[in-house]
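Shown next, in structure tokens, is the structure this report addresses.
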Amino acid sequence: MTVSALVCERCGAPVFTGAAFCQNCGASLGVTRAQTDRMPWTPADVAKAIGIVVAVLIGTSIPASIIALVIAGKEDIEKDALALTVALAASVFLEIGLLWTAIHFSVNKYGLPWSSLGIRRPLRGGFWFTGGLAFLLVIAGLTVSYAYFGALAQVGIEPDTEIKETFQNAGPLIVLAMLSLLFAPFAEEIFFRGFVFGGLRGRWGIAWAALASGALFALAHIGNPGTIYLLPPVAAIGALFALGYAYSGSIFTSLLAHFLFNLFALGAGIAQYS
């Protein structure tokens, strides 16, 4: 193949004559924006990835819970620092599963560059613009959260998410900090925004893809019964992060927003419960 005078409508890179997808960003080589947003991995690939992630979650959380129960003895897991640390640490495998499946069913399966998952320089604005947009996404996400929980409080609902004990012991707090600041922003943004949203938006449109990826993002954060109340705000925040990624063209926008949001939540939890 020889390089033609054509360029990808998404990233502007030269494309190969007769190529179906851009070798730089993985976009489908078509005329319309919807076509350039259409990635080669399919909803079936997304479904398979979700199935594997669920299997990883079950296969790791059950043994971890059993070990935690043995350690806790007659106490609740949340009341024993070591048991709670073990239970939280199992989430590392979930994050690894998210990252591995996203890469396997996109980059590896279709021979695509990393930029197909959004790992590239911003396509709109520079890194300073990306930082500003990420900050705005955090403000929007916090606004949604405070408005939602404020509305619940007005009707007498106070969700018990059982996270207080996590902030009162060094072991669980260290594990939570590592998960929320190191593992989660990268693995979850690659999976939910780069892979799920990236694979659906060329087929369903940006709005529906953002909502779908946001809903899956929220489901991944469900733990004890009290966390069911987290579904609406976390889904909304996930959708906002997807829109931020779509606007900038770089996963670093939502990744930074995710990191900053978790950093704020971690700091607020330490200040409130420690």
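Labels for the structure tokens follow display order: chains A, B, ..., residues from 1 in each chain, ligands from 1.
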
Considering only C-alpha atoms, return as a list of chain:residue names whatever protein or nucleic-acid residues lie within 9 Å of Tyr273 in chain A, sequence-local ones (same chain, fewer than 4 positions apart) excluded.
-> A:Lys164, A:Glu165, A:Thr166, A:Phe167, A:Gln168, A:Ala268, A:Gly269

Show me a table, sorted first by chain and then by increasing residue number, of the residues of range 49-148 of chain A having an atom at most 9 Å from range 238-245 of chain A, each with its shortest atom pair and the distance in Å to one decimal, counting only C-alpha atoms and written as JSON lines.
```
{"residue": "A:Gly118", "atom": "CA", "partner": "A:Tyr245", "partner_atom": "CA", "distance": 7.9}
{"residue": "A:Thr130", "atom": "CA", "partner": "A:Gly244", "partner_atom": "CA", "distance": 8.9}
{"residue": "A:Leu133", "atom": "CA", "partner": "A:Gly244", "partner_atom": "CA", "distance": 7.2}
{"residue": "A:Ala134", "atom": "CA", "partner": "A:Gly244", "partner_atom": "CA", "distance": 7.5}
{"residue": "A:Leu137", "atom": "CA", "partner": "A:Leu240", "partner_atom": "CA", "distance": 6.7}
{"residue": "A:Val138", "atom": "CA", "partner": "A:Phe241", "partner_atom": "CA", "distance": 8.9}
{"residue": "A:Ala140", "atom": "CA", "partner": "A:Leu240", "partner_atom": "CA", "distance": 8.0}
{"residue": "A:Gly141", "atom": "CA", "partner": "A:Leu240", "partner_atom": "CA", "distance": 7.5}
```

Counting only C-alpha atoms, what is within 9 Å of Ala89 in chain A, bar same-chain residues fewer than 6 positions away, as a VMD selection string?
-> chain A and resid 64 172 175 to 176 179

Find the residues near Phe261 in chain A: any atom within 9 Å, counting only C-alpha atoms, skip ones fewer than 3 places away on the same chain, and give them as JSON, numbers by chain.
-> {"A": [135, 137, 138, 139, 141, 142, 256, 257, 258, 264, 265, 266]}

Next, write the just-selected residues to a file, as an mmCIF file, in the first residue's frame, keeping N, CA and C atoms as the atom set.
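Written output follows (result_22.cif):
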```cif
data_model
loop_
_atom_site.group_PDB
_atom_site.id
_atom_site.type_symbol
_atom_site.label_atom_id
_atom_site.label_comp_id
_atom_site.auth_asym_id
_atom_site.auth_seq_id
_atom_site.Cartn_x
_atom_site.Cartn_y
_atom_site.Cartn_z
ATOM 1 N N PHE A 135 -11.155 19.869 35.055
ATOM 2 C CA PHE A 135 -11.580 20.567 36.280
ATOM 3 C C PHE A 135 -13.073 20.891 36.217
ATOM 4 N N LEU A 137 -15.314 19.228 34.565
ATOM 5 C CA LEU A 137 -16.037 17.961 34.715
ATOM 6 C C LEU A 137 -16.143 17.566 36.183
ATOM 7 N N VAL A 138 -15.080 17.816 36.948
ATOM 8 C CA VAL A 138 -15.104 17.510 38.374
ATOM 9 C C VAL A 138 -16.142 18.385 39.080
ATOM 10 N N ILE A 139 -16.147 19.674 38.767
ATOM 11 C CA ILE A 139 -17.131 20.582 39.367
ATOM 12 C C ILE A 139 -18.545 20.126 39.037
ATOM 13 N N GLY A 141 -19.496 17.079 38.224
ATOM 14 C CA GLY A 141 -19.758 15.827 38.918
ATOM 15 C C GLY A 141 -20.074 16.033 40.388
ATOM 16 N N LEU A 142 -19.336 16.922 41.050
ATOM 17 C CA LEU A 142 -19.597 17.217 42.454
ATOM 18 C C LEU A 142 -20.957 17.888 42.632
ATOM 19 N N LEU A 256 -7.889 12.451 33.949
ATOM 20 C CA LEU A 256 -7.535 13.484 34.920
ATOM 21 C C LEU A 256 -8.742 13.866 35.771
ATOM 22 N N ALA A 257 -9.917 13.983 35.142
ATOM 23 C CA ALA A 257 -11.133 14.304 35.889
ATOM 24 C C ALA A 257 -11.436 13.216 36.914
ATOM 25 N N HIS A 258 -11.276 11.966 36.520
ATOM 26 C CA HIS A 258 -11.519 10.825 37.413
ATOM 27 C C HIS A 258 -10.563 10.883 38.606
ATOM 28 N N PHE A 264 -10.544 14.280 45.577
ATOM 29 C CA PHE A 264 -11.430 15.106 46.411
ATOM 30 C C PHE A 264 -12.238 14.233 47.361
ATOM 31 N N ALA A 265 -12.806 13.133 46.841
ATOM 32 C CA ALA A 265 -13.617 12.239 47.674
ATOM 33 C C ALA A 265 -12.775 11.614 48.780
ATOM 34 N N LEU A 266 -11.546 11.222 48.448
ATOM 35 C CA LEU A 266 -10.662 10.630 49.448
ATOM 36 C C LEU A 266 -10.322 11.653 50.536
#
```

Please provide the set of residues having any atom within 10 Å of range 228-232 of chain A, restricted to only C-alpha atoms, with same-chain residues fewer than 6 positions apart removed, written as a ChimeraX atom specification.
-> /A:144-145,148-149,152,157-161,214-222,238

Find the residues around Leu263 in chain A up to 8 Å (only C-alpha atoms counted), leave out those fewer than 4 positions away in its own chain, and share them as a ChimeraX atom specification.
-> /A:180-181,259,267

Under the rule of at most 10 Å, produce a per-residue listing of range 116-151 of chain A near range 189-201 of chain A: chain, number, name, the closest pair of atoms, and the distance in Å, as CSV, using only C-alpha atoms.
```
residue,atom,partner,partner_atom,distance
A:Ser116,CA,A:Gly194,CA,7.7
A:Leu117,CA,A:Gly194,CA,4.4
A:Gly118,CA,A:Gly194,CA,5.6
A:Ile119,CA,A:Gly194,CA,8.2
```

Sel. of helix (DSSP H, G or I) residues, range 16-221 of chain A, as an NGL selection string = :A and (33-36 or 43-72 or 77-79 or 81-89 or 91-110 or 114-117 or 127-154 or 164-168 or 170-204 or 206-219)

Interatomic distance between CA of Thr60 in chain A and CA of Val46 in chain A?
-> 21.1 Å

For Ser91 in chain A, which residue out of A:Gly223, A:Gly131, A:Gly150, A:Gly171 is the nearest one, using only C-alpha atoms?
-> A:Gly223

Excluding range 124-127 of chain A and residues on its chain fewer than 2 positions from it, collect all residues at most 9 Å away from it, counting only C-alpha atoms, and give them as a PyMOL selection string.
-> chain A and resi 121-122+129-132+247-250+252-253

Suppose you want the space between CA of Ala246 in chain A and CA of Val56 in chain A; what is it in Å?
-> 28.9 Å

Minimum-distance residue to Gly51 in chain A, chosen among A:Leu255, A:Thr101, A:Ala184, A:Leu112 (using only C-alpha atoms) | A:Thr101

Would you please give, as a count of residues only, all residues of range 7-177 of chain A that DSSP assigns to strand (DSSP E or B) based on the backbone?
-> 6
